[in-house]
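One file, protein03.txt, is given below (compact mmCIF, C-alpha atoms).
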# COMPACT_ATOMS: atom_id res chain seq x y z
CA MET O 1 9.42 22.86 -3.11
CA LEU O 2 6.39 25.01 -3.90
CA CYS O 3 4.16 26.32 -1.13
CA PRO O 4 0.73 24.63 -1.42
CA SER O 5 -0.94 27.96 -0.60
CA CYS O 6 0.80 30.69 -2.62
CA LYS O 7 2.96 28.48 -4.93
CA SER O 8 6.12 30.34 -3.99
CA ALA O 9 9.40 28.41 -4.09
CA ASP O 10 10.85 30.62 -1.35
CA ASN O 11 10.60 28.52 1.82
CA LYS O 12 12.80 27.38 4.68
CA VAL O 13 13.16 24.01 6.38
CA ILE O 14 12.46 24.43 10.11
CA ASP O 15 12.57 20.77 11.20
CA THR O 16 13.87 17.49 9.74
CA ARG O 17 13.14 14.03 11.11
CA LEU O 18 13.53 10.43 10.00
CA THR O 19 10.26 8.50 9.89
CA GLU O 20 9.02 5.07 8.85
CA GLY O 21 12.09 3.35 10.23
CA GLY O 22 14.52 5.71 8.55
CA ALA O 23 13.10 5.11 5.08
CA VAL O 24 11.55 8.58 4.83
CA ILE O 25 12.75 12.07 5.74
CA ARG O 26 9.96 14.34 6.98
CA ARG O 27 10.68 18.05 6.61
CA ARG O 28 8.63 20.80 8.19
CA ARG O 29 8.81 23.96 6.08
CA VAL O 30 7.62 27.55 6.31
CA CYS O 31 6.87 29.71 3.28
CA VAL O 32 8.70 33.04 3.47
CA PRO O 33 6.10 35.18 1.58
CA CYS O 34 2.88 33.85 3.19
CA SER O 35 4.21 32.24 6.42
CA ARG O 36 2.23 29.04 5.85
CA ARG O 37 3.76 25.89 7.33
CA PHE O 38 3.67 22.61 5.44
CA THR O 39 5.26 19.18 5.55
CA THR O 40 7.12 17.30 2.82
CA LYS O 41 8.35 13.72 2.76
CA GLU O 42 11.32 12.37 0.85
CA ARG O 43 11.96 8.75 -0.14
CA VAL O 44 14.92 7.13 -1.83
CA GLU O 45 14.58 7.72 -5.57
CA GLU O 46 16.05 4.33 -6.44
CA GLU O 47 12.79 2.69 -5.42
CA LEU O 48 11.05 4.51 -8.23
CA ARG O 49 13.18 2.77 -10.83
CA LEU O 50 11.36 -0.53 -10.36
CA MET O 51 9.25 -1.27 -13.42
CA VAL O 52 5.97 -3.15 -13.21
CA VAL O 53 5.23 -5.51 -16.09
CA LYS O 54 1.47 -5.45 -16.67
CA ARG O 55 -0.55 -8.43 -17.90
CA SER O 56 -0.67 -6.75 -21.32
CA GLY O 57 3.13 -6.73 -21.43
CA ASP O 58 3.37 -2.97 -20.96
CA ARG O 59 6.02 -1.72 -18.56
CA VAL O 60 5.20 1.16 -16.22
CA PRO O 61 7.15 2.68 -13.33
CA TYR O 62 6.20 1.39 -9.88
CA ASP O 63 3.74 3.80 -8.27
CA ARG O 64 3.26 3.66 -4.50
CA GLU O 65 0.02 5.66 -4.79
CA LYS O 66 -1.57 3.03 -7.06
CA VAL O 67 -0.82 0.32 -4.52
CA LEU O 68 -2.09 2.48 -1.67
CA ASN O 69 -5.29 3.35 -3.55
CA GLY O 70 -5.99 -0.30 -4.33
CA ILE O 71 -5.52 -1.25 -0.70
CA ALA O 72 -7.63 1.70 0.47
CA ARG O 73 -10.50 0.60 -1.81
CA ALA O 74 -10.33 -2.92 -0.38
CA CYS O 75 -10.35 -1.52 3.18
CA TYR O 76 -13.15 1.00 2.61
CA LYS O 77 -15.45 1.31 5.66
CA LEU O 78 -13.66 -1.43 7.59
CA GLY O 79 -12.24 0.81 10.29
CA ILE O 80 -8.65 0.55 9.07
CA ASP O 81 -6.92 3.89 9.51
CA ASP O 82 -4.44 5.63 7.20
CA PRO O 83 -1.32 4.81 9.26
CA GLN O 84 -2.18 1.09 9.05
CA LEU O 85 -2.58 1.39 5.28
CA GLU O 86 0.77 3.20 5.00
CA GLN O 87 2.46 0.49 7.10
CA LEU O 88 0.97 -2.21 4.88
CA VAL O 89 2.30 -0.47 1.75
CA ASP O 90 5.68 -0.13 3.46
CA ARG O 91 5.75 -3.91 4.08
CA VAL O 92 4.74 -4.59 0.46
CA GLU O 93 7.49 -2.26 -0.78
CA SER O 94 10.01 -3.91 1.51
CA ASP O 95 9.17 -7.26 -0.10
CA LEU O 96 9.24 -5.78 -3.60
CA PHE O 97 12.56 -3.99 -3.29
CA SER O 98 14.32 -6.77 -1.43
CA ASN O 99 13.23 -9.47 -3.90
CA HIS O 100 13.24 -7.58 -7.22
CA ASP O 101 15.94 -5.45 -8.75
CA ARG O 102 14.53 -3.84 -11.88
CA GLU O 103 11.21 -5.46 -12.84
CA VAL O 104 8.29 -7.11 -11.13
CA THR O 105 5.05 -8.39 -12.63
CA SER O 106 1.75 -6.87 -11.60
CA ASP O 107 0.73 -10.38 -10.48
CA GLU O 108 3.68 -10.48 -8.07
CA VAL O 109 2.75 -7.05 -6.69
CA GLY O 110 -0.79 -8.34 -6.17
CA ALA O 111 0.53 -11.46 -4.43
CA TYR O 112 2.56 -9.35 -1.98
CA VAL O 113 -0.43 -7.11 -1.28
CA SER O 114 -2.77 -10.06 -0.79
CA SER O 115 -0.41 -11.85 1.60
CA HIS O 116 -0.22 -8.77 3.83
CA LEU O 117 -3.95 -7.96 3.52
CA ARG O 118 -4.83 -11.51 4.54
CA ARG O 119 -3.17 -10.88 7.91
CA LEU O 120 -4.64 -7.39 8.31
CA HIS O 121 -8.33 -7.99 7.62
CA PRO O 122 -10.10 -10.97 6.01
CA VAL O 123 -12.86 -8.90 4.37
CA ALA O 124 -10.35 -6.49 2.83
CA TYR O 125 -8.41 -9.50 1.58
CA VAL O 126 -11.47 -11.00 -0.17
CA ARG O 127 -12.36 -7.62 -1.67
CA PHE O 128 -8.85 -7.20 -3.01
CA MET O 129 -8.73 -10.76 -4.36
CA SER O 130 -12.02 -10.28 -6.21
CA VAL O 131 -10.34 -7.57 -8.31
CA TYR O 132 -6.83 -9.08 -8.40
CA ARG O 133 -8.03 -12.49 -9.58
CA LYS O 134 -10.95 -11.06 -11.55
CA PHE O 135 -13.62 -13.27 -9.97
CA ALA O 136 -16.32 -13.88 -12.56
CA THR O 137 -18.72 -16.07 -10.58
CA VAL O 138 -20.16 -16.29 -7.10
CA ASP O 139 -18.56 -19.73 -6.76
CA GLU O 140 -15.11 -18.13 -7.00
CA PHE O 141 -16.01 -15.82 -4.10
CA ILE O 142 -17.29 -18.76 -2.08
CA GLU O 143 -14.10 -20.75 -2.70
CA GLU O 144 -11.94 -17.84 -1.56
CA ILE O 145 -14.07 -17.18 1.52
CA THR O 146 -13.95 -20.87 2.41
CA ASP O 147 -10.17 -20.80 2.12
CA VAL O 148 -9.99 -17.70 4.35
CA ARG O 149 -12.23 -19.35 6.95
CA GLU O 150 -10.19 -22.56 6.96
CA ARG O 151 -6.89 -20.70 7.33
CA ALA O 152 -8.31 -18.50 10.10
CA ALA O 153 -9.50 -21.57 11.99
CA LEU O 154 -6.06 -23.18 11.71
CA GLU O 155 -4.12 -20.04 12.65
CA SER O 156 -6.34 -18.93 15.52
CA PRO O 157 -9.50 -20.74 16.62
CA SER O 158 -10.69 -17.53 18.32
CA GLN O 159 -10.81 -15.78 14.92
CA GLN O 160 -13.39 -18.27 13.63
CA SER O 161 -16.08 -16.14 15.29
CA LEU O 162 -15.34 -13.38 12.75
CA PHE O 163 -16.98 -15.47 10.07
CA GLU O 164 -19.95 -16.85 11.98
CA ALA O 165 -23.25 -15.06 11.81

Now that the file is in, can you turn its structure into structure tokens?
Amino acid sequence: MLCPSCKSADNKVIDTRLTEGGAVIRRRRVCVPCSRRFTTKERVEEELRLMVVKRSGDRVPYDREKVLNGIARACYKLGIDDPQLEQLVDRVESDLFSNHDREVTSDEVGAYVSSHLRRLHPVAYVRFMSVYRKFATVDEFIEEITDVRERAALESPSQQSLFEA
């Protein structure tokens, strides 16, 4: 592991902990030449072997960062912090890796993300869906918002006030 400061590979692990329910190993390191401390995280490599089949038919390796960035864009300025975003991606990955062995379509990835975003924040959900479903008209937005409002009213009448002006 290269030091982010001096780029030296000469460093020592000073602490190791399991995080994210045992799915990640967090290592605290210190660089021998410059004494800078930094943290690394390790995940199971097998997860990276999942291929995503794009709408064009292209196959690309699953990339956690792409999913996280898409969710972060949908949650922009909504007061959702980074740990919540990481937990959401963890739940999406749990669904992906428990239900798919080698390949998953980008539409299925989007469906997992949308189902978890719907529960996290209704505005983030609608933002994500506008890109995922490629809304072309205002009517498509209105239909989706109406669906979100109806589901929120059924699930929790107290949440209806989120959508009233």

Checklist entry - Separation of atom CA of Gly79 of chain O and atom CA of Phe128 of chain O, in Å? => result 15.9 Å

Next on the checklist: Here's a test: counting only C-alpha atoms, identify every protein, DNA and RNA residue with an atom at most 12 Å from (5.0, 24.6, -5.0) in the file's coordinate frame, and state them as a list in words.
Outcome noted: Met1, Leu2, Cys3, Pro4, Ser5, Cys6, Lys7, Ser8, Ala9, Asp10, Asn11, Arg29, Val30, Cys31, Phe38, Thr39 and Thr40 of chain O

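Restricting the calculation to only C-alpha atoms, the smallest distance between His100 of chain O and any of O:Arg49, O:Ala74, O:Lys12, O:Thr146 is found for O:Arg49.
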
Checklist entry - Which residue, O:Ile25, O:Lys66, O:Arg133, O:Asp82, has the smallest gap to Val13 of chain O when you use all atoms listed in the file? => result O:Ile25

Checklist entry - For His121 of chain O, which of O:Ile14, O:Glu20, O:Ile80, O:Val52 is the closest residue, counting all atoms listed in the file? => result O:Ile80

Checklist entry - Contacts of segment 56-64 of chain O at 12 Å or less, counting all atoms listed in the file, minus same-chain residues fewer than 3 places along, as a PyMOL selection string? => result chain O and resi 43+45-53+67-71+85-86+88-94+96-97+100-107+109+113

Go ahead and save the residues from that selection, with C-alpha atoms, as a short mmCIF file (atom, residue, chain, number, x, y, z; two decimals), in the coordinates of the input.
data_model
loop_
_atom_site.label_atom_id
_atom_site.label_comp_id
_atom_site.auth_asym_id
_atom_site.auth_seq_id
_atom_site.Cartn_x
_atom_site.Cartn_y
_atom_site.Cartn_z
CA ARG O 43 11.96 8.75 -0.14
CA GLU O 45 14.58 7.72 -5.57
CA GLU O 46 16.05 4.33 -6.44
CA GLU O 47 12.79 2.69 -5.42
CA LEU O 48 11.05 4.51 -8.23
CA ARG O 49 13.18 2.77 -10.83
CA LEU O 50 11.36 -0.53 -10.36
CA MET O 51 9.25 -1.27 -13.42
CA VAL O 52 5.97 -3.15 -13.21
CA VAL O 53 5.23 -5.51 -16.09
CA VAL O 67 -0.82 0.32 -4.52
CA LEU O 68 -2.09 2.48 -1.67
CA ASN O 69 -5.29 3.35 -3.55
CA GLY O 70 -5.99 -0.30 -4.33
CA ILE O 71 -5.52 -1.25 -0.70
CA LEU O 85 -2.58 1.39 5.28
CA GLU O 86 0.77 3.20 5.00
CA LEU O 88 0.97 -2.21 4.88
CA VAL O 89 2.30 -0.47 1.75
CA ASP O 90 5.68 -0.13 3.46
CA ARG O 91 5.75 -3.91 4.08
CA VAL O 92 4.74 -4.59 0.46
CA GLU O 93 7.49 -2.26 -0.78
CA SER O 94 10.01 -3.91 1.51
CA LEU O 96 9.24 -5.78 -3.60
CA PHE O 97 12.56 -3.99 -3.29
CA HIS O 100 13.24 -7.58 -7.22
CA ASP O 101 15.94 -5.45 -8.75
CA ARG O 102 14.53 -3.84 -11.88
CA GLU O 103 11.21 -5.46 -12.84
CA VAL O 104 8.29 -7.11 -11.13
CA THR O 105 5.05 -8.39 -12.63
CA SER O 106 1.75 -6.87 -11.60
CA ASP O 107 0.73 -10.38 -10.48
CA VAL O 109 2.75 -7.05 -6.69
CA VAL O 113 -0.43 -7.11 -1.28
#

Checklist entry - Suppose you want the space between atom CA of Glu155 of chain O and atom CA of Glu140 of chain O; what is it in Å? => result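 Separation between atom CA of Glu155 of chain O and atom CA of Glu140 of chain O: 22.6 Å.
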
Around segment 81-91 of chain O, with edges along x, y and z and 4 Å added on all six sides, what centre and edge lengths do you get, in Å to one decimal, as AutoDock Vina command-line options?
--center_x -0.6 --center_y 0.9 --center_z 5.6 --size_x 20.7 --size_y 17.5 --size_z 15.8

Item to check | d(atom CA of Thr16 of chain O, atom CA of Arg37 of chain O) in Å | outcome: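 Those two atoms sit 13.4 Å apart.
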
Item to check | Long-range neighbours of Lys41 of chain O as an MDAnalysis selection string, 8 Å cut-off, only C-alpha atoms, 3 positions minimum in chain | outcome: chainID O and resid 24:27

Checklist entry - Closest to Tyr76 of chain O among O:Arg127, O:Arg149, O:Lys134, O:His116, using only C-alpha atoms? => result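 Smallest distance to Tyr76 of chain O is found for O:Arg127.
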
Next on the checklist: Show me, as a count of residues only, the residues that have an atom within 12 Å of Ser130 of chain O when counting all atoms listed in the file, minus same-chain residues fewer than 2 positions from it.
Outcome noted: 25

Kindly add N, CA and C atoms to the incomplete segment 76-99 of chain O and provide the output as a CSV table (one decimal), keeping the file's coordinate frame.
chain,number,residue,atom,x,y,z
O,76,TYR,N,-12.1,0.0,2.4
O,76,TYR,CA,-13.2,1.0,2.6
O,76,TYR,C,-14.2,0.6,3.6
O,77,LYS,N,-14.4,1.5,4.6
O,77,LYS,CA,-15.4,1.3,5.7
O,77,LYS,C,-15.2,0.1,6.5
O,78,LEU,N,-14.0,-0.3,6.7
O,78,LEU,CA,-13.7,-1.4,7.6
O,78,LEU,C,-13.0,-1.0,8.9
O,79,GLY,N,-12.8,0.3,9.1
O,79,GLY,CA,-12.2,0.8,10.3
O,79,GLY,C,-10.7,0.7,10.3
O,80,ILE,N,-10.1,0.6,9.2
O,80,ILE,CA,-8.6,0.6,9.1
O,80,ILE,C,-8.2,2.0,8.8
O,81,ASP,N,-7.3,2.5,9.6
O,81,ASP,CA,-6.9,3.9,9.5
O,81,ASP,C,-5.7,4.1,8.6
O,82,ASP,N,-5.5,5.3,8.2
O,82,ASP,CA,-4.4,5.6,7.2
O,82,ASP,C,-3.0,5.2,7.6
O,83,PRO,N,-2.7,5.3,8.9
O,83,PRO,CA,-1.3,4.8,9.3
O,83,PRO,C,-1.2,3.3,9.1
O,84,GLN,N,-2.2,2.5,9.3
O,84,GLN,CA,-2.2,1.1,9.0
O,84,GLN,C,-2.0,0.8,7.6
O,85,LEU,N,-2.7,1.6,6.7
O,85,LEU,CA,-2.6,1.4,5.3
O,85,LEU,C,-1.2,1.7,4.8
O,86,GLU,N,-0.6,2.8,5.3
O,86,GLU,CA,0.8,3.2,5.0
O,86,GLU,C,1.8,2.1,5.4
O,87,GLN,N,1.6,1.5,6.6
O,87,GLN,CA,2.5,0.5,7.1
O,87,GLN,C,2.4,-0.7,6.2
O,88,LEU,N,1.2,-1.1,5.8
O,88,LEU,CA,1.0,-2.2,4.9
O,88,LEU,C,1.7,-2.0,3.6
O,89,VAL,N,1.6,-0.8,3.0
O,89,VAL,CA,2.3,-0.5,1.8
O,89,VAL,C,3.8,-0.5,2.0
O,90,ASP,N,4.3,-0.1,3.1
O,90,ASP,CA,5.7,-0.1,3.5
O,90,ASP,C,6.2,-1.6,3.5
O,91,ARG,N,5.4,-2.5,4.0
O,91,ARG,CA,5.8,-3.9,4.1
O,91,ARG,C,5.8,-4.5,2.7
O,92,VAL,N,4.8,-4.1,1.9
O,92,VAL,CA,4.7,-4.6,0.5
O,92,VAL,C,6.0,-4.1,-0.3
O,93,GLU,N,6.3,-2.8,-0.1
O,93,GLU,CA,7.5,-2.3,-0.8
O,93,GLU,C,8.8,-2.9,-0.3
O,94,SER,N,8.8,-3.2,1.0
O,94,SER,CA,10.0,-3.9,1.5
O,94,SER,C,10.2,-5.2,0.8
O,95,ASP,N,9.1,-6.0,0.6
O,95,ASP,CA,9.2,-7.3,-0.1
O,95,ASP,C,9.6,-7.0,-1.5
O,96,LEU,N,9.0,-6.1,-2.2
O,96,LEU,CA,9.2,-5.8,-3.6
O,96,LEU,C,10.7,-5.4,-3.8
O,97,PHE,N,11.2,-4.5,-3.0
O,97,PHE,CA,12.6,-4.0,-3.3
O,97,PHE,C,13.7,-4.9,-2.8
O,98,SER,N,13.3,-5.8,-1.9
O,98,SER,CA,14.3,-6.8,-1.4
O,98,SER,C,14.4,-8.0,-2.3
O,99,ASN,N,13.3,-8.3,-3.1
O,99,ASN,CA,13.2,-9.5,-3.9
O,99,ASN,C,13.3,-9.2,-5.4
